[in-house]
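Asker: Structure in structure tokens, see below.
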Amino acid sequence: MELNELTIHELLDRLRAGETSSAEITASVFGRIDAVEKEVHAYITLMRETALAEAEAADERIRKGEMGALTGIPIALKDIFCTKGVRTTCGSRILENFVPPYDATVVTKLRAAGAVFTGKTNMDEFAMGSSTENSFFGATRNPWDRDRIPGGSSGGSAAAVAADECIAALGSDTGGSIRQPAALCGVVGLKPTYGRISRFGLVAFASSLDQIGPFTKDVEDCAILMNVLAGYDPRESTSVPEEVPDYRRFLSQGIESWKVGIPKEYFIAGIDPEVEAAVRRAIRVVEGAGAKCIEVSLPHTEYCLAVYYIVAPAEASSNLARYDGVKYGFRSGEGRDLLEMYKKTRAAGFGAEVKRRIMIGTYALSSGYYDAYYKKASQVRGLIKRDFDEAFTKCDVILTPTTPTPAFRIGEKTDDPMQMYLSDILTISTNLAGIPGISVPCGFTAAGLPVGVQFLAGHFQEGRLLQFASAYEKHAQIEKRRPTL
Amino acid sequence: MEFEPVIGLEIHAQLLTDAKIFCGCSAKFGAAPNTHTCPVCLGMPGVLPVLNRKVVEFMLRMALATNCRINPECSFARKNYFYPDLPKGYQISQYAAPPAEHGWVEVEIHGGKKRIGITRIHMEEDAGKLMHDERNPVSMVDLNRTGVPLIEIVSEPDIRSAEEAAAYLRRLHETLVYLGICDGNMEEGSFRCDANVSLRPRGTEPFGTRAELKNMNSFRNVQRALEYEIKRQQYVLEGGGEVVQETRLWDDTAGVTQSMRGKEEAHDYRYFPDPDLVPVVIDDAWIEEVRKTLPELPLEKRERFVRDYQLSAYDAGVLTTSRALADYYEEVVKLSGQPKIAANWVMGDILRFLNEDKKDIRECPIAPSSLAGMIRLIQEGAISGKMAKEVVEAMYKTGKTPQAIIEEQGLVQITDEEALAKTIAEVIGKNPVQVEQYRAGREKVFGFFVGQAMKATQGKANPQLINDLLKKMLAPDT
């Protein structure tokens with residue numbers, strides 16, 4: 001196996017043993033990028049030079065015995081995280097040349113842990129989308145079938161991990177933007193509890209829903225990254241001062257006599273039969289590991305999509321007001337006065353989906369409509385959260401499919417926003433409730449497309465969630481395949 | 001028909017915290033453009049606000065000083081609108097859940113007292129400043145002020161005249177300054193006032209259509225603008241017309257209000273709870289902690305001055321116009337033991353000197369201890385009141401103690417009875433004609449002798465002593 005195909009924990013073992021160097025690993029990753037990036041287009045910006053320098057520095061530290069939690073490991077960042085001195089586009093023309101003067105908290109943390117940054121990955125513009133087709137920089141392709149989408153909005157990060165163009169990656173998840181592409185690309189993706197990882201420096205889409213999380217090749221790597229990323233940040237008011245356990249400690253433990261809730265509302269009409277079959281197999285796997293599956297009900301599930309498409313666009317319409325051409329980013333040279341400058345800048349700077357959501361959100365917050373839309377949606381959101389609270393009195397974790405279908409074809413849903421929105425139907429509720437969720441590979445379709453199973457747990461139960469996911473991973477023994485590129 | 005004005009005021013007061021409301025940048029006024037900024041107050045992508053708790057404390061001081069009810073929990077909302085001085089495209093303010101409500105202040109009007117209700121007080125961030133190049137079609141943005149904390153104080157529509165509005169405004173202004181939470185500078189915009197004005201037929205309940213007045217940057221302008229607007233609306237109504245709901249700008253030079261935007265063009269601010277901030281919990285312990293830091297407020301101080309120092313209401317009012325002046329006065333009283341005489345000196349000479357130099361009491365070169373020392377010297381008869389006038393002027397000019405000045409200028413009053421008796425004997429000896437007149441019963445001539453005696457002593461003699469000696473020495477039996 002090539003170095004770039006290994007996991008974080010495998011590479012850390014080799015680095016510790018002196019069997020390889022970060023420089024070799026990083027060179028191997030960039031070798032792979034050179035070979036396949038043309039086909040995949042996972043990255044918007046590559047950080048080759050700084051990565052190689054960081055690798056050298058990492059090797060120096062390893063020689064001195066100063067090994068951190070991620071020293072020398074090449075990691076990709078979704079282009080939604082501010083990186084000091086490196087342009088951060090958020091997949092948008094309006095930030096095409098924006099270079100932040102500061103690092104996001106997660107970037108600072110990864111840097112402090114010794115990570116090597118490979119580059120900034122492609123995404124749907126401002127994280128609005130489920131296919132990475134809404135990027136100003138062109139679509140990313142699914143490494144398993146380049147005619148298909150990798151999912152989104154963190155499609156670049158998912159594809160980069162699946163194609164071994166990095167060892168692990170960071171994404172952000174507002175309605176499924178980590179878990180859905182993780183499922184469609186056959187990797188592990190975790191969305192932690194809202195407040196668990198600092199959002200400072202994450203370009204905001206919908207502030208009350210956005211959460212950062214890792215893409216990894218296995219569950220153990222996910223726990224390693226969570227150990228670095230989780231924790232209170234005084235720069236973020238919604239960050240929670242909850243103690244961070246050592247997530248790796250949960251991995252070797254079993255799940256015997258755990259209760260697993262199967263929500264009947266999640267095995268809906270329209271779910272792909274091959275996806276359903278793979279998830280049913282996953283249920284048998286966890287039962288085989290000693291867990292007990294019970295049916296639970298999340299009665300307000302049918303309102304999730306509607307609530308999400310009020311709350312998220314409403315917050316986005318306000319969050320994206322700062323892109324006005326005045327201070328940074330793209331500005332249209334035309335326009336005779338201020339108002340015209342605003343209009344032309346935003347008309348040319350934003351793509352169609354972003355504009356659609358800004359309009360939906362502006363409408364939902366307008367005087368006379370606020371009560372009927374935003375306020376009502378916030379109330380229903382409370383009910384959705386309560387559904388989960390009640391369900392978790394009966395079970396330890398909830399198991400659902402991550403996506404209704406495997407990866408769809410590029411262009412298949414671009415003309416039908418509603419069809420596109422439906423691809424997040426199984427992941428959105430998690431964000432509305434603020435609970436953690438993880439997608440783990442659970443098999444392949446006959447056509448060789450990956451399928452993911454989603455596990456959910458109560459607030460701040462990432463440890464238990466990782467324990468369950470690692471037990472599933474161990475017992476399922478999903479065939480190790482690599483995409484042919 | 002007789003109309004009655006109904007007025008409500010909205011006050012914005014900039015708070016004197018060291019740091020801005022949602023980031024660590026300095027909130028001080030007057031720095032070079034865009035030097036008090038960071039990614040947070042510049043509204044860069046991905047940044048997040050964190051509330052400065054000092055702002056809550058300052059807000060609480062005003063809320064307690066104006067008898068507001070403090071809500072145990074309040075939250076922040078976004079007020080959305082586009083303008084180049086607003087880098088995020090929204091202002092973080094408070095909307096549905098304000099921290100303080102249902103307060104009041106008392107104002108004195110035509111010798112009586114009137115209570116004006118305060119609807120609410122809330123916290124928010126200030127916007128930046130635009131600077132327009134007068135020669136080129138260029139505007140520049142200074143974001144130093146962006147994120148400087150403000151409190152907004154909204155009154156009930158309890159005000160019935162421009163005069164009442166001015167009295168209310170003064171009361172809030174002096175309270176804010178007394179509390180040490182706002183410098184109260186209207187010209188620099190740290191204390192701003194907007195007004196809602198409508199008229200209704202006297203004796204009726206329903207409010208008329210209101211106009212909102214903006215751009216009044218002094219107490220005088222607020223009063224003038226309201227007087228004008230009341231007359232304007234009266235004219236419209238008496239002519240059978242209707243007042244239009246609109247925002248009007250006060251034009252200081254023209255002395256009129258002019259329509260800025262109508263109801264149709266009014267912004268829809270699309271307020272919604274700011275998801276980046278958590279609710280602020282204000283418990284009783286915090287309220288009590290802040291209450292303990294409250295200074296004596298102007299009204300209480302005024303009443304105490306009248307009661308304890310036997311001052312007139314007017315004098316007490318003058319001496320409490322600022323906390324610094326009141327402190328100065330009280331220090332002089334403490335060191336001299338003479339509240340009334342101290343009041344006369346502070347309100348008379350001291351304030352006159354300061355006004356002439358446009359100086360604040362904090363810049364007064366005469367230390368309270370020096371002024372008290374001088375008052376003691378008068379009381380002891382060491383100097384005359386007339387001499388004291390010169391002494392205090394010299395003290396103001398040089399900053400020296402009264403003793404030093406008296407010595408330098410040889411101003412010591414002659415209190416040596418023997419020496420003075422000798423001088424007076426000489427005066428009597430030189431003016432036999434007047435002595436005769438006095439002894440013949442022409443009392444007026446006594447004044448002539450006082451004058452001559454003062455002249456002979458170059459004004460240094462204790463006048464009381466001169467009087468006594470003259471009376472004794474001019475008596476017919478000597």
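Quick note on naming: the chains in the structure tokens go A, B, ... in the order shown, residues restart at 1 in each chain, and ligands are numbered from 1 in order of appearance.
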List as a list in words the protein and nucleic acid residues near segment 132-145 of chain B, meaning an atom at most 7 Å away when only C-alpha atoms are counted, but skip any in the same chain fewer than 6 places from it.
Answerer: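 Contacts, in chain order: Pro33, Asn34, Thr35, His36, Thr37, Asp85 and Asp126 of chain B.
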Asker: Keeping only C-alpha atoms, write the selected residues to a file as a PDB file, in the first residue's frame.
Answerer:
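So the final result, stored in again_18.pdb, reads:
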ATOM      1  CA  PRO B  33      -9.314  55.857  11.084  1.00  0.00           C
ATOM      2  CA  ASN B  34      -9.630  52.071  11.181  1.00  0.00           C
ATOM      3  CA  THR B  35      -6.974  51.564  13.858  1.00  0.00           C
ATOM      4  CA  HIS B  36      -9.406  50.311  16.511  1.00  0.00           C
ATOM      5  CA  THR B  37     -10.549  47.358  14.436  1.00  0.00           C
ATOM      6  CA  ASP B  85     -20.833  51.834   7.759  1.00  0.00           C
ATOM      7  CA  ASP B 126     -22.805  51.374  17.142  1.00  0.00           C
TER       8      ASP B 126
END
Asker: Write out as a tab-separated table (two decimals) with all heavy atoms, in the first residue's frame each polymer residue whose atoms come within 10 Å of Gly262 of chain B, counting only C-alpha atoms; drop sequence neighbours fewer than 5 positions from it.
Answerer:
chain	number	residue	atom	x	y	z
B	211	ALA	N	-44.73	61.81	13.44
B	211	ALA	CA	-43.54	61.96	12.62
B	211	ALA	C	-42.34	61.67	13.52
B	211	ALA	O	-42.38	61.95	14.71
B	211	ALA	CB	-43.44	63.38	12.08
B	244	VAL	N	-48.56	63.15	7.85
B	244	VAL	CA	-48.09	61.92	7.19
B	244	VAL	C	-47.11	61.21	8.12
B	244	VAL	O	-46.27	61.86	8.75
B	244	VAL	CB	-47.37	62.28	5.87
B	244	VAL	CG1	-46.93	61.02	5.15
B	244	VAL	CG2	-48.27	63.12	5.00
B	245	GLN	N	-47.21	59.89	8.19
B	245	GLN	CA	-46.23	59.14	8.98
B	245	GLN	C	-44.93	59.09	8.20
B	245	GLN	O	-44.86	58.53	7.11
B	245	GLN	CB	-46.73	57.72	9.28
B	245	GLN	CG	-45.81	57.04	10.28
B	245	GLN	CD	-46.26	55.64	10.62
B	245	GLN	OE1	-47.45	55.34	10.63
B	245	GLN	NE2	-45.30	54.78	10.91
B	246	GLU	N	-43.90	59.70	8.77
B	246	GLU	CA	-42.63	59.80	8.04
B	246	GLU	C	-41.50	60.11	9.00
B	246	GLU	O	-41.71	60.42	10.17
B	246	GLU	CB	-42.73	60.91	6.98
B	246	GLU	CG	-43.01	62.26	7.62
B	246	GLU	CD	-43.22	63.38	6.60
B	246	GLU	OE1	-43.00	63.15	5.41
B	246	GLU	OE2	-43.60	64.48	7.03
B	247	THR	N	-40.29	60.03	8.44
B	247	THR	CA	-39.11	60.43	9.20
B	247	THR	C	-38.68	61.79	8.69
B	247	THR	O	-38.58	61.99	7.48
B	247	THR	CB	-37.98	59.41	8.99
B	247	THR	OG1	-38.45	58.12	9.41
B	247	THR	CG2	-36.76	59.77	9.80
B	248	ARG	N	-38.47	62.73	9.60
B	248	ARG	CA	-38.10	64.09	9.20
B	248	ARG	C	-36.77	64.47	9.83
B	248	ARG	O	-36.47	64.11	10.96
B	248	ARG	CB	-39.18	65.10	9.61
B	248	ARG	CG	-40.54	64.82	8.96
B	248	ARG	CD	-41.59	65.80	9.40
B	248	ARG	NE	-41.37	67.14	8.92
B	248	ARG	CZ	-41.76	67.60	7.72
B	248	ARG	NH1	-42.44	66.80	6.91
B	248	ARG	NH2	-41.50	68.83	7.34
Asker: Name all residues at most 7 Å from Val50 of chain B (count only C-alpha atoms; drop same-chain ones fewer than 4 positions away) and give them as a ChimeraX atom specification.
Answerer: /A:235-237 /B:22-23
Asker: Save the residues we just selected, all heavy atoms, as a PDB file, in the first residue's frame?
Answerer:
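Result file is part_1.pdb:
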ATOM      1  N   ARG A 235     -13.799  32.368  22.127  1.00  0.00           N
ATOM      2  CA  ARG A 235     -14.155  33.267  21.015  1.00  0.00           C
ATOM      3  C   ARG A 235     -15.524  32.939  20.417  1.00  0.00           C
ATOM      4  O   ARG A 235     -15.966  33.587  19.480  1.00  0.00           O
ATOM      5  CB  ARG A 235     -13.088  33.190  19.914  1.00  0.00           C
ATOM      6  CG  ARG A 235     -11.783  33.853  20.341  1.00  0.00           C
ATOM      7  CD  ARG A 235     -10.856  34.019  19.180  1.00  0.00           C
ATOM      8  NE  ARG A 235     -10.423  32.740  18.640  1.00  0.00           N
ATOM      9  CZ  ARG A 235      -9.603  32.605  17.595  1.00  0.00           C
ATOM     10  NH1 ARG A 235      -9.142  33.676  16.992  1.00  0.00           N
ATOM     11  NH2 ARG A 235      -9.255  31.422  17.172  1.00  0.00           N
ATOM     12  N   GLU A 236     -16.156  31.864  20.921  1.00  0.00           N
ATOM     13  CA  GLU A 236     -17.478  31.511  20.386  1.00  0.00           C
ATOM     14  C   GLU A 236     -18.479  31.399  21.509  1.00  0.00           C
ATOM     15  O   GLU A 236     -18.343  30.575  22.407  1.00  0.00           O
ATOM     16  CB  GLU A 236     -17.408  30.183  19.622  1.00  0.00           C
ATOM     17  CG  GLU A 236     -18.576  30.054  18.675  1.00  0.00           C
ATOM     18  CD  GLU A 236     -19.164  28.674  18.596  1.00  0.00           C
ATOM     19  OE1 GLU A 236     -18.444  27.708  18.340  1.00  0.00           O
ATOM     20  OE2 GLU A 236     -20.394  28.575  18.789  1.00  0.00           O
ATOM     21  N   SER A 237     -19.534  32.199  21.448  1.00  0.00           N
ATOM     22  CA  SER A 237     -20.515  32.240  22.540  1.00  0.00           C
ATOM     23  C   SER A 237     -21.338  30.962  22.647  1.00  0.00           C
ATOM     24  O   SER A 237     -21.802  30.617  23.728  1.00  0.00           O
ATOM     25  CB  SER A 237     -21.453  33.426  22.345  1.00  0.00           C
ATOM     26  OG  SER A 237     -20.723  34.612  22.182  1.00  0.00           O
TER      27      SER A 237
ATOM     28  N   PHE B  22     -18.583  43.557  21.378  1.00  0.00           N
ATOM     29  CA  PHE B  22     -18.468  42.146  20.985  1.00  0.00           C
ATOM     30  C   PHE B  22     -17.044  41.715  20.613  1.00  0.00           C
ATOM     31  O   PHE B  22     -16.841  40.648  20.053  1.00  0.00           O
ATOM     32  CB  PHE B  22     -19.419  41.836  19.828  1.00  0.00           C
ATOM     33  CG  PHE B  22     -20.870  42.004  20.195  1.00  0.00           C
ATOM     34  CD1 PHE B  22     -21.681  42.901  19.508  1.00  0.00           C
ATOM     35  CD2 PHE B  22     -21.430  41.272  21.237  1.00  0.00           C
ATOM     36  CE1 PHE B  22     -23.016  43.060  19.849  1.00  0.00           C
ATOM     37  CE2 PHE B  22     -22.761  41.426  21.586  1.00  0.00           C
ATOM     38  CZ  PHE B  22     -23.558  42.321  20.895  1.00  0.00           C
ATOM     39  N   CYS B  23     -16.056  42.583  20.839  1.00  0.00           N
ATOM     40  CA  CYS B  23     -14.664  42.184  20.590  1.00  0.00           C
ATOM     41  C   CYS B  23     -13.781  42.966  21.544  1.00  0.00           C
ATOM     42  O   CYS B  23     -14.266  43.804  22.298  1.00  0.00           O
ATOM     43  CB  CYS B  23     -14.264  42.434  19.132  1.00  0.00           C
ATOM     44  SG  CYS B  23     -14.260  44.177  18.660  1.00  0.00           S
TER      45      CYS B  23
END
Asker: Considering only C-alpha atoms, can you say which of B:Glu390, B:Asp308, B:Asp327, B:Asp274 comes closest to chain A?
Answerer: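 Under the stated criterion, the closest residue is B:Asp274.
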Asker: Give as a PyMOL selection string every residue of chain A that touches chain B within 7 Å, counting only C-alpha atoms.
Answerer: chain A and resi 200-204+207-208+235-238+318+321-322+326+365-367
Asker: Do you have the atom CA of Arg146 of chain A-atom CA of His41 of chain A distance handy?
Answerer: 10.0 Å
Asker: Counting only C-alpha atoms, which of B:Ala165, B:Leu354, B:Ala372, B:Ile92 gets nearest to Val6 of chain B?
Answerer: B:Ala165
